>>> print(open('upload-v7.cif').read())   # mmCIF, C-alpha atoms
data_protein
loop_
_atom_site.label_atom_id
_atom_site.label_comp_id
_atom_site.auth_asym_id
_atom_site.auth_seq_id
_atom_site.Cartn_x
_atom_site.Cartn_y
_atom_site.Cartn_z
CA MET A 1355 -64.73 67.52 33.22
CA ASN A 1356 -64.28 65.87 36.54
CA ARG A 1357 -62.55 62.55 37.07
CA GLU A 1358 -65.78 60.56 37.40
CA TRP A 1359 -67.02 61.72 33.99
CA ARG A 1360 -63.65 60.98 32.35
CA GLU A 1361 -63.42 57.49 33.85
CA ILE A 1362 -66.96 56.51 32.84
CA PHE A 1363 -66.40 58.00 29.38
CA GLN A 1364 -63.20 55.98 28.87
CA LYS A 1365 -64.93 52.80 30.05
CA ARG A 1366 -67.75 53.39 27.56
CA ILE A 1367 -65.31 54.23 24.73
CA GLU A 1368 -63.47 50.94 25.34
CA GLU A 1369 -66.81 49.14 25.04
CA LEU A 1370 -67.23 50.64 21.55
CA GLY A 1371 -64.49 48.30 20.36
CA LYS A 1372 -63.00 50.83 17.95
CA SER A 1373 -59.32 51.57 17.43
CA ASP A 1374 -59.85 55.35 17.49
CA SER A 1375 -58.88 57.25 20.63
CA TRP A 1376 -61.50 59.57 22.10
CA GLN A 1377 -61.42 62.39 24.63
CA ILE A 1378 -64.14 64.34 26.41
CA GLU A 1379 -63.87 67.97 27.46
CA ARG A 1380 -66.13 70.61 28.86
CA ASP A 1381 -66.96 73.57 26.64
CA ASP A 1382 -69.36 76.21 27.96
CA SER A 1383 -69.11 78.10 24.66
CA ILE A 1384 -71.17 75.46 22.82
CA ILE A 1385 -74.30 76.93 21.27
CA ALA A 1386 -77.09 74.37 21.13
CA ASN A 1387 -78.58 73.64 17.70
CA ALA A 1388 -75.58 75.29 16.02
CA PRO A 1389 -72.61 72.91 15.99
CA GLU A 1390 -69.48 74.12 14.27
CA HIS A 1391 -68.72 72.80 10.80
CA GLY A 1392 -67.71 69.14 10.94
CA TRP A 1393 -69.24 68.57 14.39
CA MET A 1394 -72.37 66.58 15.17
CA GLU A 1395 -74.71 67.28 18.05
CA TYR A 1396 -76.63 65.32 20.67
CA ILE A 1397 -78.93 67.14 23.12
CA ARG A 1398 -80.43 65.38 26.11
CA ASN A 1399 -82.34 66.08 29.31
CA ILE A 1400 -81.04 64.33 32.40
CA ASN A 1401 -82.15 64.28 36.01
CA GLY A 1402 -79.90 66.24 38.32
CA ARG A 1403 -79.62 68.34 41.44
CA PHE A 1404 -78.55 71.89 42.15
CA LYS A 1405 -77.27 73.65 45.28
CA CYS A 1406 -77.38 77.40 45.70
CA SER A 1407 -73.95 78.83 46.49
CA LYS A 1408 -75.58 81.67 48.44
CA CYS A 1409 -78.37 80.22 50.61
CA LYS A 1410 -77.45 76.49 50.29
CA ASN A 1411 -80.97 75.65 49.05
CA MET A 1412 -80.98 72.37 47.12
CA TRP A 1413 -83.45 71.33 44.44
CA PRO A 1414 -83.88 68.45 42.00
CA SER A 1415 -84.62 68.88 38.32
CA LYS A 1416 -85.81 66.47 35.68
CA ARG A 1417 -84.85 68.95 32.99
CA VAL A 1418 -81.10 69.50 33.15
CA LYS A 1419 -80.14 70.13 29.55
CA VAL A 1420 -76.84 68.64 28.35
CA VAL A 1421 -75.43 69.35 24.88
CA PHE A 1422 -72.72 67.20 23.32
CA ASN A 1423 -70.78 68.08 20.18
CA MET A 1424 -68.76 65.24 18.69
CA ARG A 1425 -66.30 64.82 15.87
CA LEU A 1426 -64.28 61.88 14.60
CA ARG A 1427 -61.14 62.64 12.61
CA THR A 1428 -60.77 59.35 10.76
CA GLN A 1429 -57.37 60.20 9.27
CA GLU A 1430 -55.96 60.81 12.76
CA GLU A 1431 -58.03 58.01 14.36
CA ARG A 1432 -59.06 60.50 17.03
CA GLY A 1433 -62.44 61.63 18.27
CA THR A 1434 -63.43 64.50 20.50
CA VAL A 1435 -66.58 65.09 22.51
CA LYS A 1436 -67.32 68.53 23.91
CA VAL A 1437 -70.05 68.89 26.52
CA ARG A 1438 -72.02 71.77 27.96
CA PHE A 1439 -74.22 71.55 31.05
CA TYR A 1440 -76.94 74.18 31.30
CA LYS A 1441 -77.36 75.73 34.73
CA GLN A 1442 -80.28 76.87 36.89
CA LYS A 1443 -80.83 79.65 39.39
CA CYS A 1444 -82.18 79.35 42.93
CA ARG A 1445 -85.75 80.58 43.20
CA ARG A 1446 -85.37 81.53 46.87
CA CYS A 1447 -82.61 84.12 46.46
CA ALA A 1448 -83.24 87.72 45.37
CA ASP A 1449 -80.14 87.88 43.13
CA PRO A 1450 -79.21 84.25 42.42
CA ASP A 1451 -76.27 82.97 40.40
CA PHE A 1452 -76.53 80.19 37.83
CA GLU A 1453 -75.54 76.98 39.62
CA GLU A 1454 -73.80 73.89 38.23
CA PRO A 1455 -75.81 70.67 38.06
CA ARG A 1456 -74.79 67.53 39.93
CA PHE A 1457 -75.62 64.04 38.75
CA ARG A 1458 -75.90 60.55 40.20
CA THR A 1459 -73.17 58.21 38.97
CA ASP A 1460 -75.70 55.80 37.46
CA ASN A 1461 -77.25 58.68 35.48
CA ILE A 1462 -73.83 59.77 34.21
CA ASP A 1463 -73.19 56.20 33.11
CA LEU A 1464 -76.56 55.95 31.35
CA LEU A 1465 -76.13 59.35 29.68
CA LEU A 1466 -72.71 58.32 28.37
CA GLU A 1467 -74.12 54.96 27.22
CA LYS A 1468 -76.68 56.91 25.19
CA LEU A 1469 -73.89 59.17 23.90
CA MET A 1470 -72.02 56.07 22.70
CA GLU A 1471 -75.13 55.06 20.72
CA LYS A 1472 -75.09 58.49 19.07
CA ILE A 1473 -71.36 58.19 18.33
CA ARG A 1474 -72.00 54.80 16.70
CA ILE A 1475 -74.82 56.27 14.60
CA LYS A 1476 -73.36 59.67 13.73
CA CYS A 1477 -69.62 58.98 13.54
CA TYR A 1478 -69.49 55.33 12.50
CA LYS A 1479 -72.79 55.19 10.54
CA GLU A 1480 -74.03 52.15 12.48
CA ASP A 1481 -77.69 51.24 13.04
CA CYS A 1482 -78.17 50.79 16.78
CA GLY A 1483 -81.95 50.77 17.07
CA GLU A 1484 -83.61 52.32 20.12
CA LYS A 1485 -83.04 51.23 23.69
CA GLY A 1486 -85.56 52.02 26.42
CA LYS A 1487 -83.52 52.82 29.51
CA PHE A 1488 -84.56 55.64 31.80
CA PHE A 1489 -82.70 57.98 34.15
CA HIS A 1490 -83.09 57.64 37.92
CA PHE A 1491 -84.65 60.52 39.81
CA ASP A 1492 -84.04 61.41 43.45
CA GLY A 1493 -86.48 63.62 45.24
CA LYS A 1494 -89.71 65.36 44.45
CA VAL A 1495 -90.04 68.27 42.07
CA ASP A 1496 -91.56 71.12 44.07
CA GLY A 1497 -93.54 73.02 41.47
CA PRO A 1498 -93.37 73.59 37.72
CA HIS A 1499 -90.31 74.16 35.60
CA GLU A 1500 -89.39 77.83 36.05
CA THR A 1501 -88.24 79.24 32.75
CA SER A 1502 -86.86 82.46 34.28
CA HIS A 1503 -84.43 80.37 36.38
CA CYS A 1504 -83.35 77.99 33.59
CA GLU A 1505 -80.32 78.95 31.49
CA ALA A 1506 -81.47 76.63 28.68
CA CYS A 1507 -84.92 78.28 28.57
CA LEU A 1508 -83.41 81.76 28.55
CA GLN A 1509 -81.27 80.74 25.55
CA GLY A 1510 -84.18 79.10 23.71
CA VAL A 1511 -82.79 75.58 24.09
CA CYS A 1512 -85.21 74.12 26.63
CA THR A 1513 -88.38 72.60 25.22
CA LYS A 1514 -90.34 73.84 28.24
CA SER A 1515 -89.95 77.51 27.30
#
>>> encode(input="upload-v7.cif", output="structure tokens")
Amino acid sequence: MNREWREIFQKRIEELGKSDSWQIERDDSIIANAPEHGWMEYIRNINGRFKCSKCKNMWPSKRVKVVFNMRLRTQEERGTVKVRFYKQKCRRCADPDFEEPRFRTDNIDLLLEKLMEKIRIKCYKEDCGEKGKFFHFDGKVDGPHETSHCEACLQGVCTKS
């Protein structure tokens, strides 16, 4: 996880007002819809951007799949969040690599705010109700969602497949 994600996460955790300490870490081994025993899951689409490491092509996506696994160890007063970002391939290159998504800061903040709601519900058994905030999108999507270039689709996680 980069510094921006960690800082926003810690700010949001402080806003929870709980005495438990929480950490966030990246885990590309997470399998969506199959959390390990004792872990709870939250799957979300977020708007993001990609840049091809080969041809430098850039493209926006409204369907960047993010999977969180979370666990609170009440005896230790410690919680852990693991996160996986699904990647996409460039459609211009003949042999493209899967590229990492990039996100606007305000979308990271909103995603982590929504994660905190899920932590309240799933780990602390609170009733939070539903909040209607939406992610910001930069750019214009140039064509349909391409399942052959979406890691989440290829693994059966994306709802567009």
>>> atom_distance(input="upload-v7.cif", atom1="atom CA of A:Asp1449", atom2="atom CA of A:Val1418")
20.9 Å
>>> closest_residue(input="upload-v7.cif", among="A:Lys1468, A:His1503, A:Arg1425, A:Lys1416", to="A:Pro1450", atoms="only C-alpha atoms")
A:His1503
>>> atom_distance(input="upload-v7.cif", atom1="atom CA of A:Ala1506", atom2="atom CA of A:Ile1385")
10.3 Å
>>> residues_near_point(input="upload-v7.cif", point="(-74.5, 61.5, 19.7)", cutoff="8 Å", atoms="all atoms listed in the file", output="PDB file with C-alpha atoms, keeping the file's coordinate frame")
ATOM      1  CA  MET A1394     -72.370  66.580  15.170  1.00  0.00           C
ATOM      2  CA  GLU A1395     -74.710  67.280  18.050  1.00  0.00           C
ATOM      3  CA  TYR A1396     -76.630  65.320  20.670  1.00  0.00           C
ATOM      4  CA  ILE A1397     -78.930  67.140  23.120  1.00  0.00           C
ATOM      5  CA  PHE A1422     -72.720  67.200  23.320  1.00  0.00           C
ATOM      6  CA  ASN A1423     -70.780  68.080  20.180  1.00  0.00           C
ATOM      7  CA  MET A1424     -68.760  65.240  18.690  1.00  0.00           C
ATOM      8  CA  LYS A1468     -76.680  56.910  25.190  1.00  0.00           C
ATOM      9  CA  LEU A1469     -73.890  59.170  23.900  1.00  0.00           C
ATOM     10  CA  MET A1470     -72.020  56.070  22.700  1.00  0.00           C
ATOM     11  CA  GLU A1471     -75.130  55.060  20.720  1.00  0.00           C
ATOM     12  CA  LYS A1472     -75.090  58.490  19.070  1.00  0.00           C
ATOM     13  CA  ILE A1473     -71.360  58.190  18.330  1.00  0.00           C
ATOM     14  CA  ARG A1474     -72.000  54.800  16.700  1.00  0.00           C
ATOM     15  CA  ILE A1475     -74.820  56.270  14.600  1.00  0.00           C
ATOM     16  CA  LYS A1476     -73.360  59.670  13.730  1.00  0.00           C
TER      17      LYS A1476
END
>>> residues_around(input="upload-v7.cif", residues="A:Cys1409", least_positions_apart="4", cutoff="9 Å", atoms="all atoms listed in the file", output="ChimeraX atom specification")
/A:1405,1444,1446-1447
>>> write_last_selection(input="upload-v7.cif", atoms="C-alpha atoms", output="PDB file, keeping the file's coordinate frame")
ATOM      1  CA  LYS A1405     -77.270  73.650  45.280  1.00  0.00           C
ATOM      2  CA  CYS A1444     -82.180  79.350  42.930  1.00  0.00           C
ATOM      3  CA  ARG A1446     -85.370  81.530  46.870  1.00  0.00           C
ATOM      4  CA  CYS A1447     -82.610  84.120  46.460  1.00  0.00           C
TER       5      CYS A1447
END
>>> closest_atom_pairs(input="upload-v7.cif", of="stretch 1396-1441 of chain A", to="stretch 1455-1465 of chain A", cutoff="6 Å", atoms="only C-alpha atoms", output="Markdown table")
| residue | atom | partner | partner_atom | distance |
| --- | --- | --- | --- | --- |
| A:Gly1402 | CA | A:Phe1457 | CA | 4.8 |
| A:Arg1403 | CA | A:Arg1456 | CA | 5.1 |
| A:Phe1404 | CA | A:Pro1455 | CA | 5.1 |
>>> atom_distance(input="upload-v7.cif", atom1="atom CA of A:Gly1510", atom2="atom CA of A:Arg1445")
19.6 Å
>>> closest_residue(input="upload-v7.cif", among="A:Met1355, A:Leu1426, A:Ala1386, A:Cys1512", to="A:His1499", atoms="all atoms listed in the file")
A:Cys1512
>>> closest_residue(input="upload-v7.cif", among="A:Glu1390, A:Glu1431, A:Glu1505, A:Glu1358", to="A:Lys1372", atoms="all atoms listed in the file")
A:Glu1431
>>> resolve_selection(input="upload-v7.cif", expression="the PyMOL selection byres ((chain A and resi 1452) around 7)", output="JSON, numbers by chain")
{"A": [1441, 1442, 1443, 1450, 1451, 1453, 1454]}
>>> closest_residue(input="upload-v7.cif", among="A:Gln1429, A:Asn1411, A:Tyr1440, A:Ser1375", to="A:Leu1508", atoms="all atoms listed in the file")
A:Tyr1440
>>> closest_residue(input="upload-v7.cif", among="A:Arg1357, A:Ile1378, A:Arg1366, A:Thr1501", to="A:Val1435", atoms="only C-alpha atoms")
A:Ile1378
>>> closest_residue(input="upload-v7.cif", among="A:Cys1406, A:Ala1388, A:Met1412, A:Cys1482", to="A:Glu1467", atoms="all atoms listed in the file")
A:Cys1482
>>> resolve_selection(input="upload-v7.cif", expression="the PyMOL selection byres ((chain A and resi 1438) around 8)", output="MDAnalysis selection string")
chainID A and resid 1380:1384 1420:1422 1436:1437 1439:1440
>>> residues_near_point(input="upload-v7.cif", point="(-65.5, 58.0, 24.5)", cutoff="7 Å", atoms="all atoms listed in the file", output="list in words")
Phe1363, Gln1364, Arg1366, Ile1367, Trp1376, Gln1377 and Ile1378 of chain A
>>> write_last_selection(input="upload-v7.cif", atoms="C-alpha atoms", output="PDB file, in the frame of the given file")
ATOM      1  CA  PHE A1363     -66.400  58.000  29.380  1.00  0.00           C
ATOM      2  CA  GLN A1364     -63.200  55.980  28.870  1.00  0.00           C
ATOM      3  CA  ARG A1366     -67.750  53.390  27.560  1.00  0.00           C
ATOM      4  CA  ILE A1367     -65.310  54.230  24.730  1.00  0.00           C
ATOM      5  CA  TRP A1376     -61.500  59.570  22.100  1.00  0.00           C
ATOM      6  CA  GLN A1377     -61.420  62.390  24.630  1.00  0.00           C
ATOM      7  CA  ILE A1378     -64.140  64.340  26.410  1.00  0.00           C
TER       8      ILE A1378
END
